[in-house]
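Trainee: Dropping in upload-v3.pdb, with PDB, C-alpha atoms and all ligand atoms.
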```
ATOM      1  CA  MET K   1     108.570 107.851 108.902  1.00  0.00           C
ATOM      2  CA  LYS K   2     106.790 111.092 109.483  1.00  0.00           C
ATOM      3  CA  VAL K   3     104.819 113.575 107.429  1.00  0.00           C
ATOM      4  CA  ILE K   4     104.164 117.151 108.520  1.00  0.00           C
ATOM      5  CA  LEU K   5     100.866 118.552 107.292  1.00  0.00           C
ATOM      6  CA  VAL K   6     100.974 122.337 107.362  1.00  0.00           C
ATOM      7  CA  ASN K   7      97.635 124.080 107.827  1.00  0.00           C
ATOM      8  CA  GLY K   8      98.186 127.395 106.072  1.00  0.00           C
ATOM      9  CA  SER K   9      94.763 128.802 106.897  1.00  0.00           C
ATOM     10  CA  PRO K  10      94.017 131.511 109.478  1.00  0.00           C
ATOM     11  CA  HIS K  11      91.315 129.072 110.687  1.00  0.00           C
ATOM     12  CA  GLU K  12      92.742 126.445 112.979  1.00  0.00           C
ATOM     13  CA  LYS K  13      89.893 123.984 112.426  1.00  0.00           C
ATOM     14  CA  GLY K  14      88.458 125.169 109.112  1.00  0.00           C
ATOM     15  CA  CYS K  15      88.196 123.704 105.628  1.00  0.00           C
ATOM     16  CA  THR K  16      91.922 123.291 104.960  1.00  0.00           C
ATOM     17  CA  TYR K  17      92.313 121.532 108.309  1.00  0.00           C
ATOM     18  CA  THR K  18      89.400 119.235 107.451  1.00  0.00           C
ATOM     19  CA  ALA K  19      91.081 118.169 104.207  1.00  0.00           C
ATOM     20  CA  LEU K  20      94.423 117.677 105.980  1.00  0.00           C
ATOM     21  CA  CYS K  21      92.716 115.496 108.619  1.00  0.00           C
ATOM     22  CA  GLU K  22      91.470 113.177 105.883  1.00  0.00           C
ATOM     23  CA  ALA K  23      95.014 112.871 104.523  1.00  0.00           C
ATOM     24  CA  LYS K  24      96.360 112.330 108.047  1.00  0.00           C
ATOM     25  CA  LYS K  25      93.931 109.447 108.679  1.00  0.00           C
ATOM     26  CA  VAL K  26      95.049 107.647 105.534  1.00  0.00           C
ATOM     27  CA  LEU K  27      98.739 108.228 106.261  1.00  0.00           C
ATOM     28  CA  GLU K  28      98.289 106.682 109.687  1.00  0.00           C
ATOM     29  CA  GLU K  29      96.290 103.747 108.308  1.00  0.00           C
ATOM     30  CA  ASN K  30      99.319 103.149 106.104  1.00  0.00           C
ATOM     31  CA  GLY K  31     101.776 103.187 108.980  1.00  0.00           C
ATOM     32  CA  ILE K  32     103.086 106.738 108.528  1.00  0.00           C
ATOM     33  CA  GLU K  33     103.277 108.987 111.579  1.00  0.00           C
ATOM     34  CA  SER K  34     101.883 112.446 110.934  1.00  0.00           C
ATOM     35  CA  GLU K  35     101.431 115.803 112.594  1.00  0.00           C
ATOM     36  CA  ILE K  36      99.346 118.820 111.673  1.00  0.00           C
ATOM     37  CA  PHE K  37     101.231 122.079 112.117  1.00  0.00           C
ATOM     38  CA  TRP K  38      99.112 125.232 112.125  1.00  0.00           C
ATOM     39  CA  ILE K  39     100.841 128.420 111.024  1.00  0.00           C
ATOM     40  CA  GLY K  40      98.578 130.418 113.323  1.00  0.00           C
ATOM     41  CA  SER K  41      96.446 133.494 112.797  1.00  0.00           C
ATOM     42  CA  LYS K  42      98.979 136.177 113.687  1.00  0.00           C
ATOM     43  CA  PRO K  43     100.401 138.231 110.808  1.00  0.00           C
ATOM     44  CA  ILE K  44     103.301 136.455 109.104  1.00  0.00           C
ATOM     45  CA  ALA K  45     105.836 138.787 107.559  1.00  0.00           C
ATOM     46  CA  GLY K  46     107.179 138.199 104.106  1.00  0.00           C
ATOM     47  CA  CYS K  47     110.844 137.510 103.428  1.00  0.00           C
ATOM     48  CA  ARG K  48     113.017 140.588 103.983  1.00  0.00           C
ATOM     49  CA  GLY K  49     115.668 139.264 101.617  1.00  0.00           C
ATOM     50  CA  CYS K  50     118.315 140.115 104.209  1.00  0.00           C
ATOM     51  CA  GLY K  51     120.248 136.899 103.599  1.00  0.00           C
ATOM     52  CA  ALA K  52     120.930 136.446 107.318  1.00  0.00           C
ATOM     53  CA  CYS K  53     119.468 132.914 107.243  1.00  0.00           C
ATOM     54  CA  ALA K  54     122.422 131.786 105.113  1.00  0.00           C
ATOM     55  CA  LYS K  55     124.710 132.737 108.027  1.00  0.00           C
ATOM     56  CA  ILE K  56     122.669 131.856 111.103  1.00  0.00           C
ATOM     57  CA  GLY K  57     120.758 128.871 109.695  1.00  0.00           C
ATOM     58  CA  LYS K  58     117.308 130.197 110.507  1.00  0.00           C
ATOM     59  CA  CYS K  59     115.071 133.135 109.746  1.00  0.00           C
ATOM     60  CA  VAL K  60     115.743 136.341 111.681  1.00  0.00           C
ATOM     61  CA  ILE K  61     111.993 136.804 112.074  1.00  0.00           C
ATOM     62  CA  ASP K  62     111.387 134.393 114.912  1.00  0.00           C
ATOM     63  CA  ASP K  63     107.847 133.108 114.456  1.00  0.00           C
ATOM     64  CA  THR K  64     106.062 129.931 113.343  1.00  0.00           C
ATOM     65  CA  VAL K  65     108.461 129.595 110.403  1.00  0.00           C
ATOM     66  CA  ASN K  66     111.258 128.747 112.832  1.00  0.00           C
ATOM     67  CA  GLU K  67     108.946 126.463 114.843  1.00  0.00           C
ATOM     68  CA  PHE K  68     108.254 124.588 111.613  1.00  0.00           C
ATOM     69  CA  ALA K  69     112.000 124.508 110.838  1.00  0.00           C
ATOM     70  CA  GLU K  70     112.535 122.584 114.094  1.00  0.00           C
ATOM     71  CA  LEU K  71     110.102 119.909 112.890  1.00  0.00           C
ATOM     72  CA  THR K  72     111.917 119.540 109.580  1.00  0.00           C
ATOM     73  CA  GLN K  73     114.863 117.967 111.468  1.00  0.00           C
ATOM     74  CA  THR K  74     112.920 114.696 111.652  1.00  0.00           C
ATOM     75  CA  ALA K  75     110.264 114.839 108.914  1.00  0.00           C
ATOM     76  CA  ASP K  76     110.325 112.682 105.793  1.00  0.00           C
ATOM     77  CA  GLY K  77     107.522 114.267 103.786  1.00  0.00           C
ATOM     78  CA  TYR K  78     105.296 117.328 103.671  1.00  0.00           C
ATOM     79  CA  ILE K  79     101.779 118.306 102.751  1.00  0.00           C
ATOM     80  CA  PHE K  80     101.114 122.040 102.652  1.00  0.00           C
ATOM     81  CA  GLY K  81      97.456 123.081 102.789  1.00  0.00           C
ATOM     82  CA  SER K  82      96.071 126.492 101.931  1.00  0.00           C
ATOM     83  CA  PRO K  83      92.724 128.172 101.498  1.00  0.00           C
ATOM     84  CA  VAL K  84      92.308 129.839  98.115  1.00  0.00           C
ATOM     85  CA  HIS K  85      92.367 133.620  98.515  1.00  0.00           C
ATOM     86  CA  TYR K  86      91.752 135.573  95.324  1.00  0.00           C
ATOM     87  CA  ALA K  87      92.665 132.582  93.187  1.00  0.00           C
ATOM     88  CA  SER K  88      96.046 132.229  94.914  1.00  0.00           C
ATOM     89  CA  ALA K  89      97.398 130.591  98.034  1.00  0.00           C
ATOM     90  CA  GLY K  90      96.587 132.622 101.170  1.00  0.00           C
ATOM     91  CA  GLY K  91      98.846 135.566 101.981  1.00  0.00           C
ATOM     92  CA  ALA K  92     100.055 134.117 105.284  1.00  0.00           C
ATOM     93  CA  ILE K  93     101.015 130.712 103.886  1.00  0.00           C
ATOM     94  CA  THR K  94     102.709 132.404 100.931  1.00  0.00           C
ATOM     95  CA  SER K  95     104.892 134.468 103.278  1.00  0.00           C
ATOM     96  CA  PHE K  96     105.398 131.379 105.445  1.00  0.00           C
ATOM     97  CA  MET K  97     106.542 129.233 102.522  1.00  0.00           C
ATOM     98  CA  ASP K  98     108.764 131.985 101.083  1.00  0.00           C
ATOM     99  CA  ARG K  99     110.651 132.167 104.345  1.00  0.00           C
ATOM    100  CA  ALA K 100     110.515 128.472 105.272  1.00  0.00           C
ATOM    101  CA  PHE K 101     111.972 127.484 101.915  1.00  0.00           C
ATOM    102  CA  TYR K 102     114.476 130.341 101.677  1.00  0.00           C
ATOM    103  CA  SER K 103     115.871 129.781 105.160  1.00  0.00           C
ATOM    104  CA  GLY K 104     115.331 126.013 105.437  1.00  0.00           C
ATOM    105  CA  LYS K 105     115.697 124.616 101.947  1.00  0.00           C
ATOM    106  CA  ALA K 106     118.464 122.176 102.892  1.00  0.00           C
ATOM    107  CA  LYS K 107     116.232 120.244 105.295  1.00  0.00           C
ATOM    108  CA  LEU K 108     113.366 120.139 102.799  1.00  0.00           C
ATOM    109  CA  PHE K 109     115.595 119.144  99.869  1.00  0.00           C
ATOM    110  CA  GLY K 110     114.688 115.853  98.210  1.00  0.00           C
ATOM    111  CA  LYS K 111     111.728 115.102 100.474  1.00  0.00           C
ATOM    112  CA  PRO K 112     108.372 114.209  98.891  1.00  0.00           C
ATOM    113  CA  ALA K 113     105.799 116.966  99.096  1.00  0.00           C
ATOM    114  CA  ALA K 114     102.310 117.904  97.998  1.00  0.00           C
ATOM    115  CA  ALA K 115      99.908 120.808  98.214  1.00  0.00           C
ATOM    116  CA  ILE K 116      96.198 120.719  99.004  1.00  0.00           C
ATOM    117  CA  VAL K 117      94.005 123.742  98.437  1.00  0.00           C
ATOM    118  CA  SER K 118      90.551 124.502  99.733  1.00  0.00           C
ATOM    119  CA  CYS K 119      88.213 126.872  97.934  1.00  0.00           C
ATOM    120  CA  ARG K 120      84.588 127.841  97.934  1.00  0.00           C
ATOM    121  CA  ARG K 121      84.312 127.901  94.165  1.00  0.00           C
ATOM    122  CA  GLY K 122      87.217 128.976  91.920  1.00  0.00           C
ATOM    123  CA  GLY K 123      90.959 129.584  91.639  1.00  0.00           C
ATOM    124  CA  ALA K 124      92.006 126.232  93.053  1.00  0.00           C
ATOM    125  CA  SER K 125      94.299 125.132  90.249  1.00  0.00           C
ATOM    126  CA  ALA K 126      96.092 128.517  90.139  1.00  0.00           C
ATOM    127  CA  ALA K 127      96.756 128.291  93.891  1.00  0.00           C
ATOM    128  CA  PHE K 128      97.796 124.657  93.528  1.00  0.00           C
ATOM    129  CA  ASP K 129     100.282 125.534  90.756  1.00  0.00           C
ATOM    130  CA  GLN K 130     101.706 128.335  92.890  1.00  0.00           C
ATOM    131  CA  MET K 131     102.383 126.028  95.817  1.00  0.00           C
ATOM    132  CA  ASN K 132     103.961 123.311  93.699  1.00  0.00           C
ATOM    133  CA  LYS K 133     106.636 125.786  92.594  1.00  0.00           C
ATOM    134  CA  TYR K 134     108.292 125.635  96.032  1.00  0.00           C
ATOM    135  CA  PHE K 135     108.817 121.896  95.622  1.00  0.00           C
ATOM    136  CA  THR K 136     110.095 121.936  92.065  1.00  0.00           C
ATOM    137  CA  ILE K 137     112.832 124.462  92.859  1.00  0.00           C
ATOM    138  CA  ASN K 138     114.123 122.225  95.649  1.00  0.00           C
ATOM    139  CA  CYS K 139     114.372 118.734  94.102  1.00  0.00           C
ATOM    140  CA  MET K 140     111.299 117.571  96.043  1.00  0.00           C
ATOM    141  CA  PRO K 141     109.317 114.792  94.357  1.00  0.00           C
ATOM    142  CA  ILE K 142     105.716 115.940  94.057  1.00  0.00           C
ATOM    143  CA  VAL K 143     103.193 113.361  95.158  1.00  0.00           C
ATOM    144  CA  SER K 144     100.079 113.342  93.037  1.00  0.00           C
ATOM    145  CA  SER K 145      96.567 111.963  93.137  1.00  0.00           C
ATOM    146  CA  ASN K 146      93.902 111.225  90.513  1.00  0.00           C
ATOM    147  CA  TYR K 147      92.936 114.905  90.348  1.00  0.00           C
ATOM    148  CA  TRP K 148      94.529 118.222  91.354  1.00  0.00           C
ATOM    149  CA  ASN K 149      94.472 118.267  95.140  1.00  0.00           C
ATOM    150  CA  GLN K 150      91.544 120.525  95.889  1.00  0.00           C
ATOM    151  CA  VAL K 151      88.483 120.450  98.071  1.00  0.00           C
ATOM    152  CA  HIS K 152      85.470 122.691  97.784  1.00  0.00           C
ATOM    153  CA  GLY K 153      83.652 124.207 100.700  1.00  0.00           C
ATOM    154  CA  ASN K 154      83.068 127.285 102.765  1.00  0.00           C
ATOM    155  CA  THR K 155      82.668 125.245 105.949  1.00  0.00           C
ATOM    156  CA  PRO K 156      84.243 121.985 107.172  1.00  0.00           C
ATOM    157  CA  GLU K 157      80.848 120.279 106.723  1.00  0.00           C
ATOM    158  CA  GLU K 158      80.748 121.315 103.071  1.00  0.00           C
ATOM    159  CA  VAL K 159      84.275 120.014 102.550  1.00  0.00           C
ATOM    160  CA  LEU K 160      83.254 116.627 103.930  1.00  0.00           C
ATOM    161  CA  ARG K 161      80.360 116.596 101.447  1.00  0.00           C
ATOM    162  CA  ASP K 162      82.830 117.089  98.564  1.00  0.00           C
ATOM    163  CA  GLU K 163      83.154 113.377  97.949  1.00  0.00           C
ATOM    164  CA  GLU K 164      85.507 113.728  94.995  1.00  0.00           C
ATOM    165  CA  GLY K 165      87.763 116.211  96.792  1.00  0.00           C
ATOM    166  CA  ILE K 166      87.984 113.942  99.831  1.00  0.00           C
ATOM    167  CA  GLN K 167      88.822 110.964  97.654  1.00  0.00           C
ATOM    168  CA  THR K 168      91.525 113.043  95.946  1.00  0.00           C
ATOM    169  CA  VAL K 169      93.268 113.808  99.253  1.00  0.00           C
ATOM    170  CA  GLN K 170      92.890 110.216 100.441  1.00  0.00           C
ATOM    171  CA  ILE K 171      94.545 108.877  97.276  1.00  0.00           C
ATOM    172  CA  LEU K 172      97.237 111.533  97.638  1.00  0.00           C
ATOM    173  CA  ALA K 173      97.985 110.367 101.189  1.00  0.00           C
ATOM    174  CA  ARG K 174      98.115 106.740 100.087  1.00  0.00           C
ATOM    175  CA  ASN K 175     100.557 107.661  97.326  1.00  0.00           C
ATOM    176  CA  MET K 176     102.657 109.648  99.800  1.00  0.00           C
ATOM    177  CA  ALA K 177     102.856 106.590 102.098  1.00  0.00           C
ATOM    178  CA  TRP K 178     103.817 104.374  99.142  1.00  0.00           C
ATOM    179  CA  LEU K 179     106.555 106.752  97.968  1.00  0.00           C
ATOM    180  CA  LEU K 180     107.989 107.143 101.467  1.00  0.00           C
ATOM    181  CA  LYS K 181     108.217 103.370 101.813  1.00  0.00           C
ATOM    182  CA  CYS K 182     109.911 103.096  98.404  1.00  0.00           C
ATOM    183  CA  ILE K 183     112.419 105.789  99.398  1.00  0.00           C
ATOM    184  CA  GLU K 184     113.135 104.002 102.668  1.00  0.00           C
ATOM    185  CA  ILE K 185     113.755 100.681 100.925  1.00  0.00           C
ATOM    186  CA  GLY K 186     115.873 102.480  98.334  1.00  0.00           C
ATOM    187  CA  GLY K 187     117.992 104.000 101.115  1.00  0.00           C
ATOM    188  CA  GLU K 188     118.483 100.596 102.719  1.00  0.00           C
ATOM    189  CA  ASN K 189     119.828  99.412  99.359  1.00  0.00           C
ATOM    190  CA  GLY K 190     122.168 102.340  98.795  1.00  0.00           C
ATOM    191  CA  ILE K 191     119.857 104.336  96.525  1.00  0.00           C
ATOM    192  CA  ASN K 192     119.703 107.815  97.979  1.00  0.00           C
ATOM    193  CA  VAL K 193     118.646 111.273  96.913  1.00  0.00           C
ATOM    194  CA  PRO K 194     121.366 112.702  94.629  1.00  0.00           C
ATOM    195  CA  ALA K 195     123.450 115.222  96.579  1.00  0.00           C
ATOM    196  CA  PRO K 196     122.723 118.870  95.801  1.00  0.00           C
ATOM    197  CA  GLU K 197     125.159 120.563  93.417  1.00  0.00           C
ATOM    198  CA  PRO K 198     126.426 124.110  93.881  1.00  0.00           C
ATOM    199  CA  LYS K 199     124.061 126.252  91.862  1.00  0.00           C
ATOM    200  CA  ARG K 200     125.265 127.954  88.678  1.00  0.00           C
ATOM    201  CA  ARG K 201     123.576 131.296  89.066  1.00  0.00           C
ATOM    202  CA  THR K 202     123.145 133.402  85.964  1.00  0.00           C
ATOM    203  CA  ASN K 203     121.108 136.520  86.387  1.00  0.00           C
ATOM    204  CA  PHE K 204     120.439 137.050  82.689  1.00  0.00           C
ATOM    205  CA  ILE K 205     123.010 139.830  82.599  1.00  0.00           C
ATOM    206  CA  ARG K 206     125.238 139.289  79.569  1.00  0.00           C
TER     207      ARG K 206
HETATM  208  C1  LIG R 301      90.231 136.851 101.598  1.00  0.00           C
HETATM  209  C2  LIG R 301      89.529 135.643 101.026  1.00  0.00           C
HETATM  210  C3  LIG R 301      89.586 135.406  99.667  1.00  0.00           C
HETATM  211  C4  LIG R 301      88.956 134.287  99.130  1.00  0.00           C
HETATM  212  N1  LIG R 301      89.085 134.057  97.784  1.00  0.00           N
HETATM  213  C5  LIG R 301      88.513 132.958  97.250  1.00  0.00           C
HETATM  214  C6  LIG R 301      88.690 132.649  95.862  1.00  0.00           C
HETATM  215  O1  LIG R 301      89.368 133.333  95.111  1.00  0.00           O
HETATM  216  N2  LIG R 301      88.061 131.557  95.391  1.00  0.00           N
HETATM  217  C7  LIG R 301      87.289 130.742  96.185  1.00  0.00           C
HETATM  218  O2  LIG R 301      86.735 129.784  95.679  1.00  0.00           O
HETATM  219  N3  LIG R 301      87.146 130.984  97.499  1.00  0.00           N
HETATM  220  C8  LIG R 301      87.743 132.053  98.062  1.00  0.00           C
HETATM  221  N4  LIG R 301      87.629 132.291  99.409  1.00  0.00           N
HETATM  222  C9  LIG R 301      86.928 131.287 100.252  1.00  0.00           C
HETATM  223  C10 LIG R 301      87.895 130.281 100.886  1.00  0.00           C
HETATM  224  O3  LIG R 301      88.898 129.899 100.010  1.00  0.00           O
HETATM  225  C11 LIG R 301      87.173 128.977 101.291  1.00  0.00           C
HETATM  226  O4  LIG R 301      86.077 129.265 102.103  1.00  0.00           O
HETATM  227  C12 LIG R 301      88.124 128.033 101.982  1.00  0.00           C
HETATM  228  O5  LIG R 301      87.590 126.742 101.923  1.00  0.00           O
HETATM  229  C13 LIG R 301      88.360 128.431 103.450  1.00  0.00           C
HETATM  230  O6  LIG R 301      89.329 127.564 104.021  1.00  0.00           O
HETATM  231  P1  LIG R 301      89.718 127.665 105.574  1.00  0.00           P
HETATM  232  O7  LIG R 301      88.460 127.395 106.363  1.00  0.00           O
HETATM  233  O8  LIG R 301      90.744 126.625 105.787  1.00  0.00           O
HETATM  234  O9  LIG R 301      90.238 129.040 105.776  1.00  0.00           O
HETATM  235  C14 LIG R 301      88.243 133.401  99.966  1.00  0.00           C
HETATM  236  C15 LIG R 301      88.190 133.644 101.354  1.00  0.00           C
HETATM  237  C16 LIG R 301      88.825 134.752 101.875  1.00  0.00           C
HETATM  238  C17 LIG R 301      88.767 135.005 103.358  1.00  0.00           C
END
```
Any chance you could put this one into structure tokens?
Ligand SMILES: Cc1cc2nc3c(=O)[nH]c(=O)nc-3n(C[C@H](O)[C@H](O)[C@H](O)COP(=O)(O)O)c2cc1C
Mentor:
Amino acid sequence: MKVILVNGSPHEKGCTYTALCEAKKVLEENGIESEIFWIGSKPIAGCRGCGACAKIGKCVIDDTVNEFAELTQTADGYIFGSPVHYASAGGAITSFMDRAFYSGKAKLFGKPAAAIVSCRRGGASAAFDQMNKYFTINCMPIVSSNYWNQVHGNTPEEVLRDEEGIQTVQILARNMAWLLKCIEIGGENGINVPAPEPKRRTNFIR
């Protein structure tokens, strides 16, 4: 079983990465393979809404979103990390998730997921709520911890001094490992994710 931890910060080895590393350690201690995927520091375009992904099965903008889509072929769970920018998830990870979910929702469907946010001081729970919306529109069980998954720090060293934040991400990772094992045992006993239904789309035009 494998979890992809997406570092949605422009900093490859910054605060978000530091929090994800703590989650990664615990996942591995619990027998879950894991990989940190960095979205990079190049500009990431937002979704063009062209709808081409529905036909070609990937985003027409060929960047890290499609690299991530390759990894989703074999992943069982996801943790998306973001720095807090103006009390929201960062702009790059927002564009990344818009496109990754719009073009790759089928592969993400039904897989456990969680968000972790890193902030200096404020806006963490607003950013956290924003990121959880991607999971709840795609039948993805949200893995929780004993607090909202946030760390505080302006540097990796400060994040590591946030004892409560670090404990939160460690408990989250342990819960992710537990849920993945339950899902695996369920599958072996014929209990699988309910198949997606065709969506009844109503655009509030009546
Ligand atoms: C453009 C920008 C906006 C930010 N906005 C906030 C904010 O609203 N609240 C906050 O606490 N920190 C804010 N920060 C600080 C970062 O969230 C914080 O330092 C974070 O831990 C950095 O994570 P990283 O090293 O993974 O990028 C902001 C930083 C930047 C660059």
Trainee: Enclose the full set of atoms of ligand LIG 301 (chain R) listed in the file within a box whose edges lie along x, y and z, apply 4 Å of padding to each of the six sides, and report centre and edge lengths in Å to one decimal as JSON.
Mentor:
```
{"center_x": 88.4, "center_y": 131.7, "center_z": 100.7, "size_x": 12.7, "size_y": 18.2, "size_z": 19.3}
```
Trainee: Apply the PyMOL selection byres (((not hetatm)) within 6 of (chain R and resi 301)) to the structure shown and report the selected residues as a ChimeraX atom specification.
Mentor: /K:9-11,14-17,83-87,118-123,153-154
Trainee: Just say which residues the PyMOL selection byres (((chain K and resi 54-58) around 8) and not hetatm) picks in this file, as a ChimeraX atom specification.
Mentor: /K:51-53,59-60,66,69,103-104
Trainee: K:Lys107, K:Trp178, K:Pro196, K:Lys13: which is nearest Glu157 in chain K, counting all atoms listed in the file?
Mentor: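 Residue with the minimum atom-to-atom distance to Glu157 in chain K: K:Lys13.
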Trainee: Give me, as a PDB file with C-alpha atoms, in the coordinates of the input, all polymer residues having an atom no more than 7 Å from range 109-114 of chain K, counting all atoms listed in the file and skipping those fewer than 4 positions away in the same chain.
Mentor:
```
ATOM      1  CA  ASP K  76     110.325 112.682 105.793  1.00  0.00           C
ATOM      2  CA  GLY K  77     107.522 114.267 103.786  1.00  0.00           C
ATOM      3  CA  TYR K  78     105.296 117.328 103.671  1.00  0.00           C
ATOM      4  CA  ILE K  79     101.779 118.306 102.751  1.00  0.00           C
ATOM      5  CA  PHE K  80     101.114 122.040 102.652  1.00  0.00           C
ATOM      6  CA  LYS K 105     115.697 124.616 101.947  1.00  0.00           C
ATOM      7  CA  PHE K 135     108.817 121.896  95.622  1.00  0.00           C
ATOM      8  CA  ASN K 138     114.123 122.225  95.649  1.00  0.00           C
ATOM      9  CA  CYS K 139     114.372 118.734  94.102  1.00  0.00           C
ATOM     10  CA  MET K 140     111.299 117.571  96.043  1.00  0.00           C
ATOM     11  CA  PRO K 141     109.317 114.792  94.357  1.00  0.00           C
ATOM     12  CA  ILE K 142     105.716 115.940  94.057  1.00  0.00           C
ATOM     13  CA  VAL K 143     103.193 113.361  95.158  1.00  0.00           C
ATOM     14  CA  VAL K 193     118.646 111.273  96.913  1.00  0.00           C
TER      15      VAL K 193
END
```
